[in-house]
$ cat final-v3.cif   # mmCIF, C-alpha atoms
data_target
loop_
_atom_site.label_atom_id
_atom_site.label_comp_id
_atom_site.auth_asym_id
_atom_site.auth_seq_id
_atom_site.Cartn_x
_atom_site.Cartn_y
_atom_site.Cartn_z
CA MET P 1 -19.96 -6.90 -39.21
CA SER P 2 -18.67 -4.39 -41.73
CA GLU P 3 -15.58 -2.34 -41.00
CA THR P 4 -17.46 0.88 -40.32
CA GLN P 5 -19.65 -0.95 -37.85
CA SER P 6 -16.73 -2.39 -35.97
CA LEU P 7 -15.10 1.05 -35.79
CA LEU P 8 -18.34 2.43 -34.40
CA ALA P 9 -18.40 -0.40 -31.88
CA ILE P 10 -14.88 0.47 -30.71
CA LEU P 11 -15.85 4.12 -30.35
CA VAL P 12 -19.00 3.40 -28.35
CA THR P 13 -17.26 0.81 -26.18
CA ALA P 14 -14.42 3.21 -25.39
CA ALA P 15 -16.83 6.01 -24.55
CA LEU P 16 -19.44 4.13 -22.51
CA THR P 17 -18.77 0.51 -21.52
CA ASN P 18 -15.04 0.81 -21.02
CA ASN P 19 -15.09 4.47 -20.07
CA ILE P 20 -11.48 5.53 -19.58
CA LEU P 21 -12.30 7.23 -16.31
CA LEU P 22 -15.03 5.11 -14.76
CA ALA P 23 -13.72 1.70 -15.79
CA LYS P 24 -9.99 2.28 -16.24
CA PHE P 25 -9.51 4.97 -13.59
CA LEU P 26 -7.35 7.21 -15.75
CA GLY P 27 -7.26 10.97 -15.36
CA MET P 28 -8.54 11.10 -11.80
CA CYS P 29 -6.48 14.07 -10.59
CA SER P 30 -7.96 16.69 -12.88
CA PHE P 31 -11.30 14.87 -12.74
CA LEU P 32 -11.51 15.51 -9.00
CA SER P 33 -10.14 19.04 -8.96
CA CYS P 34 -11.65 20.55 -12.12
CA SER P 35 -15.24 19.36 -11.75
CA ARG P 36 -16.72 22.14 -9.63
CA GLN P 37 -18.19 24.12 -12.52
CA ILE P 38 -19.78 22.72 -15.65
CA GLY P 39 -18.13 25.35 -17.86
CA THR P 40 -14.59 24.55 -16.72
CA ALA P 41 -15.29 20.84 -16.89
CA LEU P 42 -16.54 21.19 -20.45
CA GLY P 43 -13.50 23.25 -21.52
CA LEU P 44 -11.05 20.81 -19.97
CA GLY P 45 -12.95 17.87 -21.43
CA VAL P 46 -12.73 19.31 -24.93
CA ALA P 47 -9.02 20.04 -24.48
CA VAL P 48 -8.39 16.49 -23.25
CA THR P 49 -10.39 14.98 -26.13
CA PHE P 50 -8.41 17.02 -28.63
CA VAL P 51 -4.99 16.29 -27.13
CA LEU P 52 -5.81 12.62 -26.58
CA THR P 53 -6.97 12.02 -30.15
CA GLY P 54 -4.06 14.00 -31.60
CA THR P 55 -1.33 12.38 -29.52
CA ILE P 56 -2.63 8.83 -29.92
CA MET P 57 -2.46 9.19 -33.72
CA VAL P 58 1.07 10.67 -33.63
CA ASN P 59 2.13 7.98 -31.18
CA TYR P 60 0.62 5.28 -33.39
CA LEU P 61 2.66 6.47 -36.37
CA ILE P 62 5.86 6.81 -34.34
CA TYR P 63 5.44 3.44 -32.67
CA HIS P 64 4.63 1.40 -35.77
CA HIS P 65 6.80 3.19 -38.31
CA LEU P 66 9.81 4.18 -36.25
CA LEU P 67 10.18 2.26 -33.00
CA VAL P 68 9.09 -1.21 -34.15
CA PRO P 69 11.28 -1.31 -37.31
CA LEU P 70 14.26 -0.14 -35.26
CA GLY P 71 13.52 -2.56 -32.41
CA LEU P 72 13.30 0.23 -29.85
CA GLU P 73 9.93 -0.66 -28.28
CA HIS P 74 11.29 -0.23 -24.76
CA LEU P 75 11.72 3.50 -25.45
CA MET P 76 8.02 3.95 -26.17
CA MET P 77 7.12 5.50 -22.83
CA ILE P 78 9.71 8.24 -22.99
CA VAL P 79 8.84 8.99 -26.63
CA PHE P 80 5.12 9.06 -25.89
CA ILE P 81 5.52 11.46 -22.98
CA ALA P 82 7.66 13.79 -25.10
CA VAL P 83 5.02 13.84 -27.87
CA ILE P 84 2.30 14.56 -25.31
CA ALA P 85 4.26 17.40 -23.71
CA GLY P 86 4.83 19.00 -27.10
CA CYS P 87 1.18 18.69 -28.08
CA VAL P 88 0.02 20.21 -24.78
CA GLN P 89 2.33 23.16 -25.29
CA PHE P 90 0.70 23.72 -28.66
CA VAL P 91 -2.85 23.55 -27.30
CA GLU P 92 -1.87 25.91 -24.49
CA MET P 93 -0.66 28.56 -26.93
CA PHE P 94 -3.77 28.04 -29.04
CA VAL P 95 -6.20 28.44 -26.13
CA GLU P 96 -4.31 31.45 -24.76
CA ARG P 97 -4.57 33.15 -28.13
CA PHE P 98 -8.19 32.39 -28.97
CA SER P 99 -9.98 32.06 -25.63
CA PRO P 100 -8.17 33.89 -22.81
CA ARG P 101 -11.18 33.43 -20.56
CA LEU P 102 -11.01 29.66 -20.79
CA TYR P 103 -7.24 29.93 -20.38
CA PHE P 104 -7.60 31.62 -17.00
CA ALA P 105 -10.45 29.35 -15.91
CA LEU P 106 -8.35 26.25 -16.54
CA GLY P 107 -5.27 27.84 -14.98
CA ILE P 108 -2.69 25.32 -13.93
CA PHE P 109 -4.68 22.38 -15.21
CA LEU P 110 -4.01 23.12 -18.83
CA PRO P 111 -0.26 22.38 -18.66
CA LEU P 112 -1.08 19.55 -16.28
CA ILE P 113 -2.88 17.77 -19.13
CA ALA P 114 0.65 16.74 -20.04
CA VAL P 115 0.79 14.54 -16.96
CA ASN P 116 -2.86 13.53 -17.22
CA CYS P 117 -2.60 9.78 -17.16
CA ALA P 118 -5.66 9.36 -19.40
CA ILE P 119 -3.59 10.58 -22.33
CA LEU P 120 -0.50 8.47 -21.77
CA GLY P 121 -2.74 5.59 -20.72
CA ALA P 122 -4.71 5.70 -23.96
CA SER P 123 -1.48 5.51 -25.96
CA LEU P 124 -0.30 2.53 -23.89
CA PHE P 125 -3.65 0.78 -24.37
CA MET P 126 -3.28 1.40 -28.10
CA VAL P 127 -0.05 -0.64 -28.04
CA ILE P 128 -1.36 -3.35 -25.71
CA ASP P 129 -4.63 -3.90 -27.59
CA LYS P 130 -2.86 -3.85 -31.00
CA TYR P 131 -5.27 -1.49 -32.74
CA SER P 132 -4.97 -0.68 -36.45
CA PHE P 133 -4.77 2.93 -37.67
CA TRP P 134 -8.51 3.59 -37.97
CA GLU P 135 -9.28 1.60 -34.86
CA THR P 136 -6.79 3.79 -33.00
CA LEU P 137 -8.61 6.89 -34.22
CA ALA P 138 -11.97 5.48 -33.07
CA PHE P 139 -10.51 4.40 -29.72
CA GLY P 140 -8.86 7.77 -29.10
CA LEU P 141 -11.95 9.76 -29.99
CA GLY P 142 -14.18 7.47 -27.95
CA SER P 143 -11.91 7.63 -24.90
CA GLY P 144 -11.72 11.42 -25.05
CA LEU P 145 -15.48 11.79 -25.43
CA GLY P 146 -16.03 9.33 -22.59
CA TRP P 147 -13.78 11.36 -20.31
CA LEU P 148 -15.61 14.54 -21.35
CA LEU P 149 -18.96 12.94 -20.60
CA ALA P 150 -17.85 11.69 -17.18
CA ILE P 151 -16.37 14.99 -16.00
CA VAL P 152 -19.36 17.06 -17.20
CA LEU P 153 -21.79 14.66 -15.50
CA LEU P 154 -19.80 14.84 -12.27
CA ALA P 155 -19.70 18.65 -12.42
CA GLY P 156 -23.50 18.63 -12.67
CA LEU P 157 -23.79 16.22 -9.75
CA ARG P 158 -21.37 18.21 -7.58
CA LYS P 159 -23.44 21.33 -8.10
CA ARG P 160 -26.40 19.49 -6.63
CA MET P 161 -24.29 17.95 -3.89
CA GLY P 162 -23.67 21.45 -2.54
CA TYR P 163 -27.20 21.32 -1.12
CA GLY P 164 -26.64 17.98 0.59
CA ASP P 165 -25.46 17.49 4.14
CA PRO P 166 -23.08 14.51 4.35
CA PRO P 167 -21.29 13.67 7.62
CA LYS P 168 -18.25 15.91 8.05
CA PRO P 169 -15.48 13.36 7.37
CA PHE P 170 -17.14 12.56 4.05
CA ARG P 171 -17.18 16.13 2.77
CA GLY P 172 -14.98 16.93 -0.21
CA VAL P 173 -13.12 14.15 -1.94
CA ALA P 174 -14.62 11.21 -0.04
CA ILE P 175 -18.23 11.79 -1.03
CA THR P 176 -17.15 12.67 -4.56
CA MET P 177 -15.45 9.27 -4.83
CA ILE P 178 -18.55 7.46 -3.64
CA VAL P 179 -20.75 9.40 -6.07
CA THR P 180 -18.29 8.52 -8.84
CA GLY P 181 -18.64 4.90 -7.80
CA ILE P 182 -22.39 5.08 -8.19
CA MET P 183 -21.91 6.73 -11.57
CA ALA P 184 -19.56 3.91 -12.59
CA LEU P 185 -22.26 1.44 -11.52
CA ALA P 186 -24.74 3.26 -13.76
CA PHE P 187 -22.28 3.15 -16.66
CA MET P 188 -21.96 -0.61 -16.25
CA GLY P 189 -25.54 -0.73 -17.45
CA PHE P 190 -24.14 -0.04 -20.92
CA ALA P 191 -22.33 -3.38 -20.91
CA GLY P 192 -23.33 -5.39 -23.95
CA ILE P 193 -23.65 -2.38 -26.26
CA GLY P 194 -21.26 -2.59 -29.18
CA GLN P 195 -20.45 -6.27 -28.97
CA MET Q 196 5.85 20.96 -19.89
CA SER Q 197 6.28 24.55 -18.84
CA SER Q 198 4.44 24.69 -15.58
CA GLU Q 199 4.55 24.78 -11.89
CA LYS Q 200 2.80 21.96 -10.08
CA PRO Q 201 0.58 22.51 -7.09
CA HIS Q 202 3.09 21.88 -4.35
CA PRO Q 203 2.07 19.71 -1.46
CA SER Q 204 2.59 22.35 1.19
CA ARG Q 205 4.77 20.55 3.63
CA ASP Q 206 8.22 21.79 2.81
CA ALA Q 207 8.06 24.83 5.01
CA GLU Q 208 6.84 22.72 7.90
CA SER Q 209 9.63 20.19 7.82
CA CYS Q 210 12.17 22.99 7.53
CA GLY Q 211 10.58 24.52 10.61
CA ALA Q 212 10.97 21.22 12.41
CA CYS Q 213 14.67 21.28 11.61
CA GLN Q 214 15.10 24.71 13.16
CA ASN Q 215 13.20 23.70 16.25
CA HIS Q 216 15.28 20.64 16.89
CA GLY Q 217 18.43 22.52 16.02
CA PHE Q 218 20.04 19.45 14.47
CA CYS Q 219 19.19 17.49 11.40
CA GLU Q 220 19.21 14.01 12.91
CA GLY Q 221 15.88 14.78 14.50
CA ARG Q 222 14.55 15.58 11.07
CA GLY Q 223 14.66 12.18 9.45
CA LEU Q 224 11.95 10.75 11.65
CA ALA Q 225 9.79 13.85 11.33
CA VAL Q 226 10.10 13.73 7.56
CA PHE Q 227 9.18 10.06 7.54
CA LYS Q 228 6.12 10.46 9.74
CA GLU Q 229 4.94 13.48 7.79
CA GLY Q 230 5.40 11.78 4.43
CA SER Q 231 3.77 8.47 5.21
CA TRP Q 232 1.10 9.43 7.73
CA THR Q 233 0.26 13.10 8.38
CA SER Q 234 0.24 13.97 4.70
CA ASN Q 235 -0.22 10.54 3.20
CA PRO Q 236 0.04 10.98 -0.55
CA VAL Q 237 -3.13 9.07 -1.42
CA ALA Q 238 -5.53 9.45 1.47
CA ILE Q 239 -4.76 13.02 2.49
CA GLN Q 240 -3.37 14.73 -0.59
CA THR Q 241 -5.40 12.55 -3.00
CA LEU Q 242 -2.47 12.24 -5.38
CA GLY Q 243 -1.83 9.14 -7.42
CA ILE Q 244 -5.40 7.94 -7.17
CA CYS Q 245 -5.42 6.20 -10.55
CA PRO Q 246 -3.22 3.18 -9.78
CA ALA Q 247 -4.64 3.04 -6.26
CA LEU Q 248 -8.00 2.29 -7.85
CA ALA Q 249 -6.96 0.32 -10.89
CA VAL Q 250 -4.60 -2.40 -9.65
CA THR Q 251 -6.18 -3.05 -6.26
CA THR Q 252 -8.49 -5.85 -7.34
CA ARG Q 253 -6.24 -8.23 -5.40
CA LEU Q 254 -3.84 -7.75 -2.50
CA GLU Q 255 -0.93 -9.33 -4.37
CA ASN Q 256 -1.22 -6.87 -7.27
CA SER Q 257 -1.39 -3.99 -4.81
CA LEU Q 258 1.83 -5.05 -3.12
CA VAL Q 259 3.74 -5.50 -6.39
CA MET Q 260 2.55 -2.12 -7.61
CA GLY Q 261 3.58 -0.59 -4.28
CA GLY Q 262 7.02 -2.15 -4.59
CA ALA Q 263 7.46 -0.77 -8.10
CA MET Q 264 6.37 2.63 -6.85
CA ILE Q 265 8.83 2.60 -3.93
CA PHE Q 266 11.66 1.70 -6.31
CA VAL Q 267 10.81 4.49 -8.76
CA VAL Q 268 10.19 7.22 -6.22
CA MET Q 269 13.33 6.39 -4.20
CA GLY Q 270 15.54 6.08 -7.25
CA SER Q 271 14.37 9.26 -8.91
CA SER Q 272 14.35 11.32 -5.72
CA PHE Q 273 17.88 10.19 -4.88
CA LEU Q 274 19.23 10.87 -8.36
CA LEU Q 275 17.48 14.23 -8.73
CA SER Q 276 18.70 15.27 -5.31
CA LEU Q 277 22.29 14.41 -6.31
CA LEU Q 278 21.85 16.40 -9.51
CA ARG Q 279 20.08 19.34 -7.89
CA HIS Q 280 23.02 21.76 -8.13
CA TRP Q 281 23.64 20.94 -11.78
CA THR Q 282 20.02 21.12 -12.99
CA PRO Q 283 19.09 24.55 -14.37
CA ARG Q 284 15.69 25.62 -13.04
CA ARG Q 285 14.25 26.16 -16.50
CA VAL Q 286 14.65 22.57 -17.60
CA ARG Q 287 14.06 20.89 -14.25
CA LEU Q 288 10.63 19.51 -15.22
CA ILE Q 289 11.96 17.86 -18.35
CA ALA Q 290 14.92 16.56 -16.36
CA SER Q 291 12.63 15.11 -13.68
CA VAL Q 292 10.38 13.43 -16.22
CA ALA Q 293 13.37 11.94 -18.04
CA VAL Q 294 14.85 10.56 -14.80
CA ILE Q 295 11.48 9.18 -13.65
CA ALA Q 296 10.82 7.60 -17.05
CA THR Q 297 14.21 5.89 -16.90
CA PHE Q 298 13.42 4.24 -13.58
CA VAL Q 299 9.93 3.29 -14.75
CA ILE Q 300 11.37 1.62 -17.85
CA ILE Q 301 13.82 -0.32 -15.68
CA ILE Q 302 11.10 -1.69 -13.40
CA ASP Q 303 8.75 -2.35 -16.33
CA GLN Q 304 11.39 -4.36 -18.19
CA PHE Q 305 12.25 -6.18 -14.96
CA LEU Q 306 8.62 -7.23 -14.38
CA ARG Q 307 8.29 -8.27 -18.02
CA ALA Q 308 11.41 -10.41 -17.84
CA PHE Q 309 10.80 -12.18 -14.53
CA TYR Q 310 7.10 -11.85 -13.64
CA TRP Q 311 5.31 -11.92 -16.97
CA ASP Q 312 1.89 -12.84 -15.54
CA MET Q 313 2.02 -10.03 -13.03
CA SER Q 314 3.22 -7.60 -15.67
CA ARG Q 315 0.26 -8.51 -17.86
CA GLN Q 316 -2.20 -8.09 -15.01
CA LEU Q 317 -0.85 -4.67 -14.09
CA GLY Q 318 -1.11 -3.71 -17.76
CA PRO Q 319 -0.25 -0.11 -18.56
CA TYR Q 320 -0.39 0.99 -14.93
CA VAL Q 321 3.32 0.37 -14.32
CA GLY Q 322 4.15 2.63 -17.24
CA LEU Q 323 1.72 5.18 -15.89
CA ILE Q 324 3.92 5.69 -12.82
CA ILE Q 325 5.62 8.28 -15.06
CA THR Q 326 2.57 10.50 -14.87
CA ASN Q 327 1.92 9.73 -11.23
CA CYS Q 328 1.71 12.97 -9.31
CA ILE Q 329 3.41 11.47 -6.25
CA VAL Q 330 6.76 10.89 -7.91
CA LEU Q 331 6.92 14.28 -9.61
CA GLY Q 332 5.53 15.94 -6.50
CA ARG Q 333 8.25 14.49 -4.25
CA ALA Q 334 10.93 15.39 -6.79
CA GLU Q 335 9.67 18.97 -7.15
CA ALA Q 336 8.75 19.70 -3.58
CA PHE Q 337 11.50 17.92 -1.71
CA ALA Q 338 14.34 16.25 -3.59
CA MET Q 339 15.27 19.39 -5.52
CA GLN Q 340 15.95 21.31 -2.30
CA ASN Q 341 17.34 18.71 0.07
CA LYS Q 342 20.32 16.45 0.65
CA PRO Q 343 20.23 12.98 -0.93
CA GLN Q 344 20.04 11.21 2.46
CA LEU Q 345 16.95 13.16 3.45
CA ALA Q 346 15.43 12.93 -0.03
CA ILE Q 347 15.64 9.16 0.07
CA ILE Q 348 13.89 9.04 3.46
CA ASP Q 349 11.17 11.32 2.17
CA ALA Q 350 10.74 9.21 -0.95
CA LEU Q 351 10.62 6.01 1.09
CA ALA Q 352 7.95 7.56 3.30
CA ALA Q 353 5.82 8.58 0.33
CA GLY Q 354 6.29 5.14 -1.24
CA ILE Q 355 5.34 3.31 1.94
CA GLY Q 356 2.35 5.57 2.49
CA PHE Q 357 1.22 4.80 -1.04
CA THR Q 358 1.79 1.05 -0.66
CA ALA Q 359 -0.09 0.97 2.64
CA ILE Q 360 -3.19 2.55 1.11
CA LEU Q 361 -3.01 0.22 -1.89
CA ALA Q 362 -2.70 -2.76 0.43
CA ILE Q 363 -5.72 -1.69 2.50
CA VAL Q 364 -7.89 -1.13 -0.57
CA GLY Q 365 -6.63 -4.35 -2.17
CA PHE Q 366 -7.29 -6.30 1.02
CA PHE Q 367 -10.91 -5.21 1.30
CA ARG Q 368 -11.66 -5.60 -2.39
CA GLU Q 369 -10.20 -9.10 -2.53
CA LEU Q 370 -11.84 -10.11 0.74
CA LEU Q 371 -15.31 -8.86 -0.13
CA GLY Q 372 -15.11 -9.53 -3.84
CA GLU Q 373 -13.64 -13.02 -3.89
CA GLY Q 374 -13.63 -14.06 -0.26
CA THR Q 375 -9.87 -14.60 -0.32
CA VAL Q 376 -6.73 -12.89 1.00
CA LEU Q 377 -3.56 -13.34 -1.07
CA GLY Q 378 -5.31 -16.25 -2.78
CA PHE Q 379 -6.21 -18.11 0.44
CA THR Q 380 -9.90 -18.61 1.08
CA VAL Q 381 -11.00 -16.72 4.16
CA LEU Q 382 -14.72 -16.29 3.71
CA ASP Q 383 -16.17 -19.71 3.00
CA PRO Q 384 -18.11 -19.72 -0.29
CA GLN Q 385 -20.68 -22.00 1.39
CA TRP Q 386 -22.14 -19.11 3.33
CA TYR Q 387 -20.49 -16.06 1.77
CA THR Q 388 -21.84 -14.85 -1.57
CA LYS Q 389 -19.07 -13.22 -3.55
CA ASN Q 390 -19.77 -9.56 -4.12
CA LEU Q 391 -18.53 -9.07 -7.68
CA VAL Q 392 -19.10 -5.32 -7.61
CA MET Q 393 -16.09 -4.98 -5.30
CA VAL Q 394 -13.78 -6.42 -7.95
CA LEU Q 395 -15.28 -4.23 -10.64
CA ALA Q 396 -14.73 -0.49 -11.00
CA PRO Q 397 -17.50 0.86 -8.74
CA GLY Q 398 -16.18 -1.10 -5.76
CA ALA Q 399 -12.83 0.64 -6.07
CA PHE Q 400 -14.39 4.09 -5.93
CA VAL Q 401 -16.60 3.26 -2.98
CA VAL Q 402 -13.83 1.59 -0.91
CA MET Q 403 -11.52 4.53 -1.64
CA GLY Q 404 -14.23 7.02 -0.68
CA PHE Q 405 -14.78 5.34 2.67
CA LEU Q 406 -11.03 5.08 3.26
CA ILE Q 407 -10.50 8.80 2.66
CA ALA Q 408 -13.42 9.59 4.95
CA PHE Q 409 -11.89 7.31 7.61
CA PHE Q 410 -8.57 9.14 7.36
CA ASN Q 411 -10.35 12.49 7.63
CA TRP Q 412 -12.13 11.23 10.71
CA LEU Q 413 -8.90 9.94 12.28
CA GLN Q 414 -7.08 13.19 11.76
CA HIS Q 415 -9.79 15.76 12.25
CA GLY Q 416 -12.53 13.93 14.12
CA ASN Q 417 -15.92 15.38 13.37
CA ALA Q 418 -14.60 18.94 13.26
CA ASP Q 419 -14.56 20.99 10.10
CA LYS Q 420 -11.39 20.60 8.10
CA SER Q 421 -10.82 24.32 7.72
#
$ encode --input "final-v3.cif" --output "structure tokens"
Amino acid sequence: MSETQSLLAILVTAALTNNILLAKFLGMCSFLSCSRQIGTALGLGVAVTFVLTGTIMVNYLIYHHLLVPLGLEHLMMIVFIAVIAGCVQFVEMFVERFSPRLYFALGIFLPLIAVNCAILGASLFMVIDKYSFWETLAFGLGSGLGWLLAIVLLAGLRKRMGYGDPPKPFRGVAITMIVTGIMALAFMGFAGIGQ
Amino acid sequence: MSSEKPHPSRDAESCGACQNHGFCEGRGLAVFKEGSWTSNPVAIQTLGICPALAVTTRLENSLVMGGAMIFVVMGSSFLLSLLRHWTPRRVRLIASVAVIATFVIIIDQFLRAFYWDMSRQLGPYVGLIITNCIVLGRAEAFAMQNKPQLAIIDALAAGIGFTAILAIVGFFRELLGEGTVLGFTVLDPQWYTKNLVMVLAPGAFVVMGFLIAFFNWLQHGNADKS
């Protein structure tokens, strides 16, 4: 398999088979609370994809060119979270300036991207799985797009679920979890792609 | 990190309890019950769902993760509560994250040093305690305004509530998925067909969904939540 092909395989695997949300359970908080409208879900998904890809590249460079040579690997978590917080601040200013409508729609959840575990989680997976530079780029982009896909699909499903009539204890989060489970089952059908 | 978090709205209530009882000894128990049961962080407030789904493939993993969580939330709540008069409000989020990250690094290094297999199985999810809403939520909503003694009780309650949910989910997933509990065979493979879906991702979502519904039913019956 040529190098381009293997990069493509990493991207597709990260987005579909090993979806960061449906298979690795990262980023659930905003997934559950920001998936009522497709528009908001799409905006948040794009923001997460952007921040995730950006931070994972910065974190890659810092980890391999600063922390490893200095023998400071145990500091990686605190460094990663600082990079992510800075990057989120930047995106927040950017969105506020260029799309105030999206800014108000996302509300509190924009700064909360900073504590979205999908983003820190992706950086930690980058270290654990020992990706190279381009592989990290493919993995980050794939993970972000996978998260985007999952939250937009759920927003569509939740719109339909409004017409359903589940038993009262199941209303709200409970039925959303079960629907997500069924979605995860569907995504497992992608297993085998990209191997 | 310039933001307010959605506060779990139970501060006012526990303060009210204090005034009703007139003395603060009566408060410890109320705080504990509230934190671990009435507003259980996972099942009721749906915070910290990620690790509750990810590491619960087996009961043992759930318990270790719960232990790590109790350590981090107690340590950071206690320390932040001690520091609460010296922390300027503007930088309190950064301060909280730095304190939490310190405790997470301690427990992560500890697991790596002494329980390497377990550390590898938990993967990045120990490190992800940093971004767990429960820890930051307790620090923001409670530890920053209360005495260290009370903050530590509150943190213990949240930690135990979290561990209990993880243990329940882990128990059912291990039982149905592998027919074992803590590694001991309970459901005989001769007549029980292992249900692999329970160990995989979809099982986690479904078990958690039913658990949340069960908690809703326990606390509200069939009535509307609102």
$ residues_near_point --input "final-v3.cif" --point "(-13.4, 9.2, 0.9)" --cutoff "6 Å" --atoms "only C-alpha atoms" --output "ChimeraX atom specification"
/P:170,173-175 /Q:403-408
$ interface_residues --input "final-v3.cif" --of "chain Q" --to "chain P" --cutoff "6 Å" --atoms "only C-alpha atoms" --output "list in words"
Met196, Cys245, Ala249, Pro319, Thr326, Ala396, Pro397, Phe400, Val401, Gly404, Ile407, Ala408, Asn411, Trp412 and Asn417 of chain Q
$ resolve_selection --input "final-v3.cif" --expression "the PyMOL selection byres ((chain Q and resi 258-264) around 7)" --output "list of chain:residue names"
Q:Leu254, Q:Glu255, Q:Asn256, Q:Ser257, Q:Ile265, Q:Phe266, Q:Val267, Q:Val268, Q:Ile302, Q:Gly354, Q:Phe357, Q:Thr358, Q:Ala362
$ resolve_selection --input "final-v3.cif" --expression "the PyMOL selection byres ((chain Q and resi 351) around 8)" --output "VMD selection string"
chain Q and resid 227 265 268 to 269 347 to 350 352 to 355
$ atom_distance --input "final-v3.cif" --atom1 "atom CA of Ala15 of chain P" --atom2 "atom CA of Ser143 of chain P"
5.2 Å
$ closest_residue --input "final-v3.cif" --among "Q:Leu377, Q:Thr252, Q:Phe298, Q:Gly230" --to "Leu391 of chain Q" --atoms "all atoms listed in the file"
Q:Thr252
$ atom_distance --input "final-v3.cif" --atom1 "atom CA of Gly223 of chain Q" --atom2 "atom CA of Leu345 of chain Q"
6.5 Å
$ atom_distance --input "final-v3.cif" --atom1 "atom CA of Thr233 of chain Q" --atom2 "atom CA of Val294 of chain Q"
27.5 Å
$ residues_near_point --input "final-v3.cif" --point "(12.8, 10.8, -14.6)" --cutoff "10 Å" --atoms "all atoms listed in the file" --output "list in words"
Ile78 of chain P; Val267, Val268, Gly270, Ser271, Ser272, Leu274, Leu275, Leu288, Ile289, Ala290, Ser291, Val292, Ala293, Val294, Ile295, Ala296, Thr297, Phe298, Val299, Ile300, Ile325, Val330, Leu331 and Ala334 of chain Q
$ resolve_selection --input "final-v3.cif" --expression "the PyMOL selection byres ((chain P and resi 96-102) around 12)" --output "PyMOL selection string"
chain P and resi 39-47+89-95+103-111
$ closest_residue --input "final-v3.cif" --among "Q:Ala359, Q:Phe366, Q:Trp232, Q:Arg333" --to "Phe379 of chain Q" --atoms "only C-alpha atoms"
Q:Phe366
$ residues_around --input "final-v3.cif" --residues "Thr55 of chain P" --least-positions-apart "2" --cutoff "7 Å" --atoms "all atoms listed in the file" --output "JSON, numbers by chain"
{"P": [51, 52, 53, 57, 58, 59, 83, 84, 87]}
$ residues_around --input "final-v3.cif" --residues "Ser35 of chain P" --least-positions-apart "5" --cutoff "7 Å" --atoms "only C-alpha atoms" --output "list in words"
Ala41, Ile151, Leu154 and Ala155 of chain P
